[in-house]
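Colleague: Pasting run-v1.txt below, which is compact mmCIF, C-alpha atoms.
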# COMPACT_ATOMS: atom_id res chain seq x y z
CA MET A 17 161.39 97.91 131.73
CA SER A 18 160.65 98.45 135.42
CA ALA A 19 157.17 98.29 137.02
CA ALA A 20 157.24 102.05 137.45
CA ASP A 21 157.71 102.71 133.78
CA PRO A 22 154.49 103.86 132.04
CA LYS A 23 152.86 101.54 129.53
CA PRO A 24 153.42 102.51 125.92
CA PRO A 25 150.41 104.13 124.25
CA PRO A 26 148.32 101.87 121.99
CA PRO A 27 149.11 102.03 118.29
CA PRO A 28 147.22 104.88 116.57
CA HIS A 29 145.28 102.51 114.30
CA ARG A 30 143.47 101.03 117.33
CA TRP A 31 141.98 104.43 118.12
CA ARG A 32 140.95 104.86 114.51
CA LYS A 33 139.14 101.51 114.48
CA ARG A 34 137.50 102.27 117.80
CA PHE A 35 135.86 105.46 116.47
CA LEU A 36 135.75 104.92 112.70
CA ILE A 37 133.57 101.80 112.64
CA PRO A 38 130.89 103.14 115.04
CA GLY A 39 130.98 106.42 113.11
CA ILE A 40 130.33 104.61 109.83
CA VAL A 41 127.50 102.59 111.35
CA LEU A 42 125.94 105.73 112.84
CA GLY A 43 126.26 107.55 109.52
CA VAL A 44 124.52 104.72 107.64
CA LEU A 45 121.71 104.64 110.21
CA LEU A 46 121.25 108.41 109.93
CA LEU A 47 121.10 108.17 106.13
CA LEU A 48 118.50 105.39 106.34
CA LEU A 49 116.47 107.44 108.81
CA ALA A 50 116.64 110.52 106.58
CA ALA A 51 115.56 108.44 103.56
CA ALA A 52 112.62 107.02 105.53
CA VAL A 53 111.52 110.49 106.66
CA VAL A 54 111.67 111.82 103.08
CA ARG A 55 109.83 108.76 101.75
CA GLY A 56 107.18 109.20 104.41
CA THR A 57 106.60 112.93 103.84
CA TRP A 58 107.29 113.68 100.15
CA ALA A 59 103.88 113.34 98.50
CA ASP A 60 102.84 113.46 94.85
CA SER A 61 100.28 116.10 93.93
CA GLU A 62 98.91 114.00 91.05
CA PRO A 63 97.80 110.36 91.20
CA LYS A 64 99.93 107.88 89.27
CA ASP A 65 98.33 104.84 87.63
CA PRO A 66 99.95 101.98 85.72
CA ALA A 67 99.38 101.88 81.97
CA GLY A 68 98.70 98.15 81.96
CA PRO A 69 99.13 94.87 83.88
CA GLU A 70 102.80 94.70 82.85
CA ASP A 71 103.54 97.75 85.08
CA GLY A 72 102.56 95.86 88.22
CA VAL A 73 101.47 97.71 91.35
CA VAL A 74 102.23 101.45 91.49
CA CYS A 75 102.23 102.60 95.13
CA ARG A 76 102.98 106.20 96.13
CA LEU A 77 102.30 108.74 98.85
CA TYR A 78 99.70 111.11 97.41
CA ARG A 79 98.15 114.32 98.70
CA PRO A 80 95.18 115.58 96.68
CA PRO A 81 94.73 119.37 96.51
CA GLY A 82 93.19 120.53 99.77
CA GLY A 83 93.03 116.96 101.12
CA GLU A 84 94.88 114.77 103.60
CA TRP A 85 97.72 112.46 102.61
CA GLN A 86 96.99 108.94 101.53
CA VAL A 87 99.05 105.96 100.50
CA ARG A 88 97.65 105.10 97.08
CA CYS A 89 98.30 101.83 95.26
CA ALA A 90 96.97 101.05 91.79
CA VAL A 91 97.08 98.05 89.46
CA VAL A 92 95.48 97.11 86.14
CA LEU A 93 93.87 93.67 86.25
CA GLU A 94 92.78 91.41 83.42
CA GLN A 95 89.42 90.63 85.02
CA PRO A 96 86.22 92.62 84.31
CA LEU A 97 85.01 95.33 86.68
CA GLU A 98 82.21 93.39 88.36
CA GLU A 99 84.49 90.44 89.09
CA VAL A 100 87.06 92.68 90.77
CA TRP A 101 84.32 94.52 92.68
CA ALA A 102 82.94 91.19 93.94
CA ALA A 103 86.39 90.28 95.31
CA VAL A 104 87.02 93.53 97.25
CA THR A 105 83.52 93.38 98.78
CA ASP A 106 83.57 89.65 99.60
CA TYR A 107 83.60 90.32 103.33
CA ASP A 108 82.89 86.73 104.34
CA HIS A 109 86.22 85.70 102.75
CA PHE A 110 88.39 88.69 103.73
CA GLY A 111 90.44 86.51 106.08
CA GLU A 112 91.26 84.20 103.16
CA ILE A 113 91.95 86.96 100.61
CA PHE A 114 94.19 89.27 102.64
CA PRO A 115 97.31 87.91 104.40
CA THR A 116 97.69 91.25 106.22
CA LEU A 117 94.57 90.54 108.30
CA LYS A 118 95.21 88.55 111.45
CA SER A 119 91.49 88.13 112.01
CA VAL A 120 88.03 89.19 110.85
CA ASP A 121 85.98 88.87 114.02
CA GLU A 122 82.65 90.29 112.89
CA VAL A 123 80.86 91.12 109.66
CA GLU A 124 77.69 93.13 110.34
CA ARG A 125 75.52 93.97 107.33
CA ARG A 126 73.32 96.94 108.09
CA PRO A 127 69.91 97.89 106.67
CA ASP A 128 71.36 100.96 104.90
CA GLY A 129 73.71 98.74 102.88
CA SER A 130 76.85 99.55 104.87
CA VAL A 131 78.98 96.85 106.49
CA ARG A 132 80.75 96.99 109.86
CA LEU A 133 83.98 94.99 110.13
CA THR A 134 86.05 94.33 113.25
CA GLY A 135 89.24 92.36 113.83
CA GLU A 136 93.01 92.76 113.85
CA ALA A 137 95.40 93.76 111.05
CA ARG A 138 99.15 93.13 110.76
CA SER A 139 101.70 95.74 109.75
CA ALA A 140 105.45 96.37 109.87
CA ILE A 141 105.01 98.32 113.12
CA GLY A 142 102.71 95.90 114.93
CA THR A 143 99.29 94.29 115.04
CA TRP A 144 96.38 96.69 115.46
CA PRO A 145 92.65 96.33 116.06
CA TYR A 146 90.27 97.79 113.50
CA ASP A 147 86.61 98.73 113.73
CA ILE A 148 85.34 100.25 110.49
CA VAL A 149 82.10 100.91 108.65
CA VAL A 150 82.22 100.42 104.89
CA THR A 151 79.83 102.22 102.53
CA HIS A 152 79.38 101.56 98.81
CA ALA A 153 78.83 103.77 95.76
CA ARG A 154 78.08 102.68 92.21
CA ASP A 155 78.42 104.81 89.08
CA PRO A 156 78.63 103.82 85.42
CA GLY A 157 82.07 102.28 84.92
CA ARG A 158 83.07 102.86 88.56
CA ARG A 159 82.51 101.33 92.01
CA VAL A 160 83.81 102.61 95.37
CA ALA A 161 83.93 101.00 98.81
CA SER A 162 84.91 103.60 101.44
CA TRP A 163 85.54 103.02 105.13
CA GLU A 164 86.18 105.01 108.26
CA GLY A 165 86.77 104.06 111.86
CA GLY A 166 89.49 103.31 114.38
CA SER A 167 90.10 101.32 117.52
CA GLY A 168 92.42 101.60 120.51
CA ARG A 169 95.60 103.44 119.55
CA VAL A 170 94.47 103.59 115.92
CA ARG A 171 92.86 107.03 116.11
CA VAL A 172 92.00 107.40 112.42
CA LEU A 173 91.45 104.66 109.86
CA ARG A 174 90.17 105.87 106.51
CA GLY A 175 90.44 104.33 103.10
CA SER A 176 88.77 103.07 99.96
CA TRP A 177 88.74 100.57 97.14
CA GLU A 178 88.05 102.20 93.79
CA VAL A 179 87.26 99.90 90.87
CA LYS A 180 87.22 101.56 87.45
CA LEU A 181 86.75 100.36 83.91
CA ALA A 182 90.13 100.53 82.16
CA SER A 183 89.06 98.90 78.88
CA ARG A 184 86.41 96.47 77.69
CA ARG A 185 88.05 93.64 79.61
CA ARG A 186 90.57 95.26 81.98
CA THR A 187 89.95 96.97 85.32
CA LEU A 188 91.89 99.61 87.27
CA LEU A 189 91.93 98.80 90.99
CA VAL A 190 92.99 101.58 93.41
CA TYR A 191 93.55 101.07 97.13
CA ALA A 192 94.00 104.26 99.20
CA SER A 193 94.36 104.66 102.96
CA HIS A 194 95.11 107.21 105.66
CA VAL A 195 95.99 105.90 109.13
CA GLU A 196 96.94 107.74 112.31
CA ILE A 197 98.30 105.79 115.28
CA LYS A 198 98.84 107.34 118.70
CA GLY A 199 102.53 107.63 119.52
CA TYR A 200 103.73 107.07 115.95
CA PRO A 201 104.72 109.92 113.60
CA ASP A 202 102.97 110.05 110.23
CA TRP A 203 106.19 109.42 108.29
CA LEU A 204 106.68 106.10 110.08
CA VAL A 205 103.07 105.04 109.46
CA VAL A 206 103.41 105.99 105.79
CA ASN A 207 106.52 103.82 105.43
CA ALA A 208 104.68 100.88 107.00
CA LEU A 209 101.75 101.38 104.62
CA LEU A 210 104.07 101.61 101.61
CA LEU A 211 105.41 98.18 102.58
CA ARG A 212 102.02 96.68 103.40
CA GLN A 213 99.60 97.94 100.77
CA PRO A 214 101.21 96.42 97.66
CA LYS A 215 100.80 93.02 99.36
CA VAL A 216 97.10 93.74 99.83
CA VAL A 217 96.61 94.66 96.17
CA ARG A 218 98.58 91.62 94.99
CA ALA A 219 96.44 89.44 97.25
CA VAL A 220 93.35 90.56 95.34
CA ALA A 221 95.06 89.74 92.03
CA ASP A 222 96.09 86.31 93.35
CA TRP A 223 92.56 85.62 94.61
CA LEU A 224 91.08 86.50 91.22
CA GLY A 225 93.68 84.38 89.47
CA ARG A 226 92.83 81.34 91.59
CA LYS A 227 89.13 81.81 90.89
CA ASP A 228 89.83 81.99 87.13
Could you show the structure in this file as structure tokens?
Modeller:
Amino acid sequence: MSAADPKPPPPPHRWRKRFLIPGIVLGVLLLLLAAAVVRGTWADSEPKDPAGPEDGVVCRLYRPPGGEWQVRCAVVLEQPLEEVWAAVTDYDHFGEIFPTLKSVDEVERRPDGSVRLTGEARSAIGTWPYDIVVTHARDPGRRVASWEGGSGRVRVLRGSWEVKLASRRRTLLVYASHVEIKGYPDWLVVNALLLRQPKVVRAVADWLGRKD
């Protein structure tokens, strides 16, 4: 073959590999993205609670009628109501109870019974400052700690612990939260919360188990 002769074309299978593999990778990524968007936007209209401790933590995206979305996690614990309530309001030990908190910088107890908490929290999409005020409500067979605040790029930070009597000895613990972060779509925040919040609820169960 002389130098002037054109080079033979590459075998057809090389072209197939060159485009097929990136196409498969792109297709998988698009499917994962679509699944994450659906998971982060498809909300239940009714809350879902576990029947007992054997069901573990049930965590879903929930939108109450006429309300804003919330990531809601529930678990049935073997401990009595007041013991569970004491754990989720033990602000001096929050840094020990919850592995998702990077720091608890300040605990300010106010004359009206509310508590202001500041610090930093970890999540799948970064570490974020929080500055919240927690208020408490007590009813027969039910306790609620609700908070609201924000800090920096965290524009909205709302949530609650609800502690309810499930039986004479068992307690239903519900953790709900709604977070809005500047520059992040809601569906992405929801996915991060769905990963994070079960760890928070399990941390309470582990803390109670160690105390027992």
Colleague: Closest to Cys75 (chain A) among A:Val220, A:Val179, A:Asn207, A:Pro214, using all atoms listed in the file?
Modeller: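 Smallest separation from Cys75 (chain A) among the options: A:Pro214.
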Colleague: Give me, as number ranges by chain, all polymer residues having an atom no more than 8 Å from region 192-198 of chain A, counting all atoms listed in the file and skipping those fewer than 2 positions away in the same chain.
Modeller: A: 84-89, 169-177, 190, 200-202, 205
Colleague: If you count all atoms listed in the file, which residues fall within 7 Å of region 92-101 of chain A, apart from same-chain ones fewer than 6 positions away, as number ranges by chain?
Modeller: A: 66, 68-69, 179-181, 185-189
Colleague: Can you tell me how far CA of Thr134 (chain A) sits from CA of Arg158 (chain A), in Å to one decimal?
Modeller: 26.3 Å
Colleague: Given all atoms listed in the file as the basis, pick out the residue of A:Val160, A:Leu133, A:Leu77, A:Ala153 nearest to Asp60 (chain A).
Modeller: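 Answer, going by the shortest atom-to-atom distance: A:Leu77.
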Colleague: List the neighbours of Pro127 (chain A) out to 12 Å using all atoms listed in the file; skip same-chain residues closer than 4 positions along the sequence, and give me the result as a compact mmCIF listing (two decimals) with C-alpha atoms, keeping the file's coordinate frame.
Modeller:
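Okay, this is what ended up in out_19.txt:
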# COMPACT_ATOMS: atom_id res chain seq x y z
CA VAL A 131 78.98 96.85 106.49
CA ARG A 132 80.75 96.99 109.86
CA THR A 151 79.83 102.22 102.53
Colleague: Work out where the centre of an axis-aligned box around every listed atom of region 208-221 of chain A lies and how long its edges are once 4 Å is added on each side; give both in Å to one decimal as JSON.
Modeller:
{"center_x": 99.4, "center_y": 95.5, "center_z": 99.5, "size_x": 20.1, "size_y": 20.2, "size_z": 23.0}
Colleague: Hey, can you check how far CA of Ala67 (chain A) sits from CA of Pro81 (chain A)?
Modeller: 23.2 Å
Colleague: Please, what distance in Å, to one decimal, runs between CA of Leu224 (chain A) and CA of Thr105 (chain A)?
Modeller: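 The value is 12.7 Å.
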Colleague: Nearest to Tyr107 (chain A): which of A:Val91, A:Val206, A:Leu211, A:Val123 is it, counting all atoms listed in the file?
Modeller: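 For Tyr107 (chain A), the nearest of the given residues is A:Val123.
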Colleague: Near Ile113 (chain A), within 9 Å and counting only C-alpha atoms, which residues show up once chain neighbours fewer than 5 positions away are dropped, as a ChimeraX atom specification?
Modeller: /A:103-104,106,216,219-220,222-223
Colleague: Which residues are close to Ile141 (chain A), i.e. within 9 Å by only C-alpha atoms, leaving aside same-chain residues fewer than 2 positions away? Reply as a list in words.
Modeller: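 In the requested form, the answer reads Arg138, Ser139, Thr143, Leu204, Val205 and Ala208 of chain A.
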Colleague: Of the residues A:Ala137, A:Ala102, A:Arg184, A:His109, which is the one nearest to His152 (chain A), using only C-alpha atoms?
Modeller: A:Ala102
Colleague: For Val120 (chain A), which residue among A:Ala90, A:Ile148, A:Ala221, A:Ala59 is the nearest when counting only C-alpha atoms?
Modeller: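 The answer is A:Ile148, which sits nearest to Val120 (chain A).
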Colleague: List the residues sitting within 10 Å of (94.4, 95.3, 106.6) in the file's frame, using only C-alpha atoms, as a list of chain:residue names.
Modeller: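 Residues with an atom close enough to that point: A:Phe110, A:Gly111, A:Phe114, A:Pro115, A:Thr116, A:Leu117, A:Lys118, A:Ser119, A:Val120, A:Gly135, A:Glu136, A:Ala137, A:Arg138, A:Ser139, A:Thr143, A:Trp144, A:Pro145, A:Tyr146, A:Leu209, A:Arg212, A:Gln213, A:Lys215, A:Val216.
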Colleague: So, with all atoms listed in the file as the atoms that count, which of A:Gly168, A:Pro63, A:Gly129, A:Gly83 lies closest to Val150 (chain A)?
Modeller: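 Nearest to Val150 (chain A): A:Gly129.
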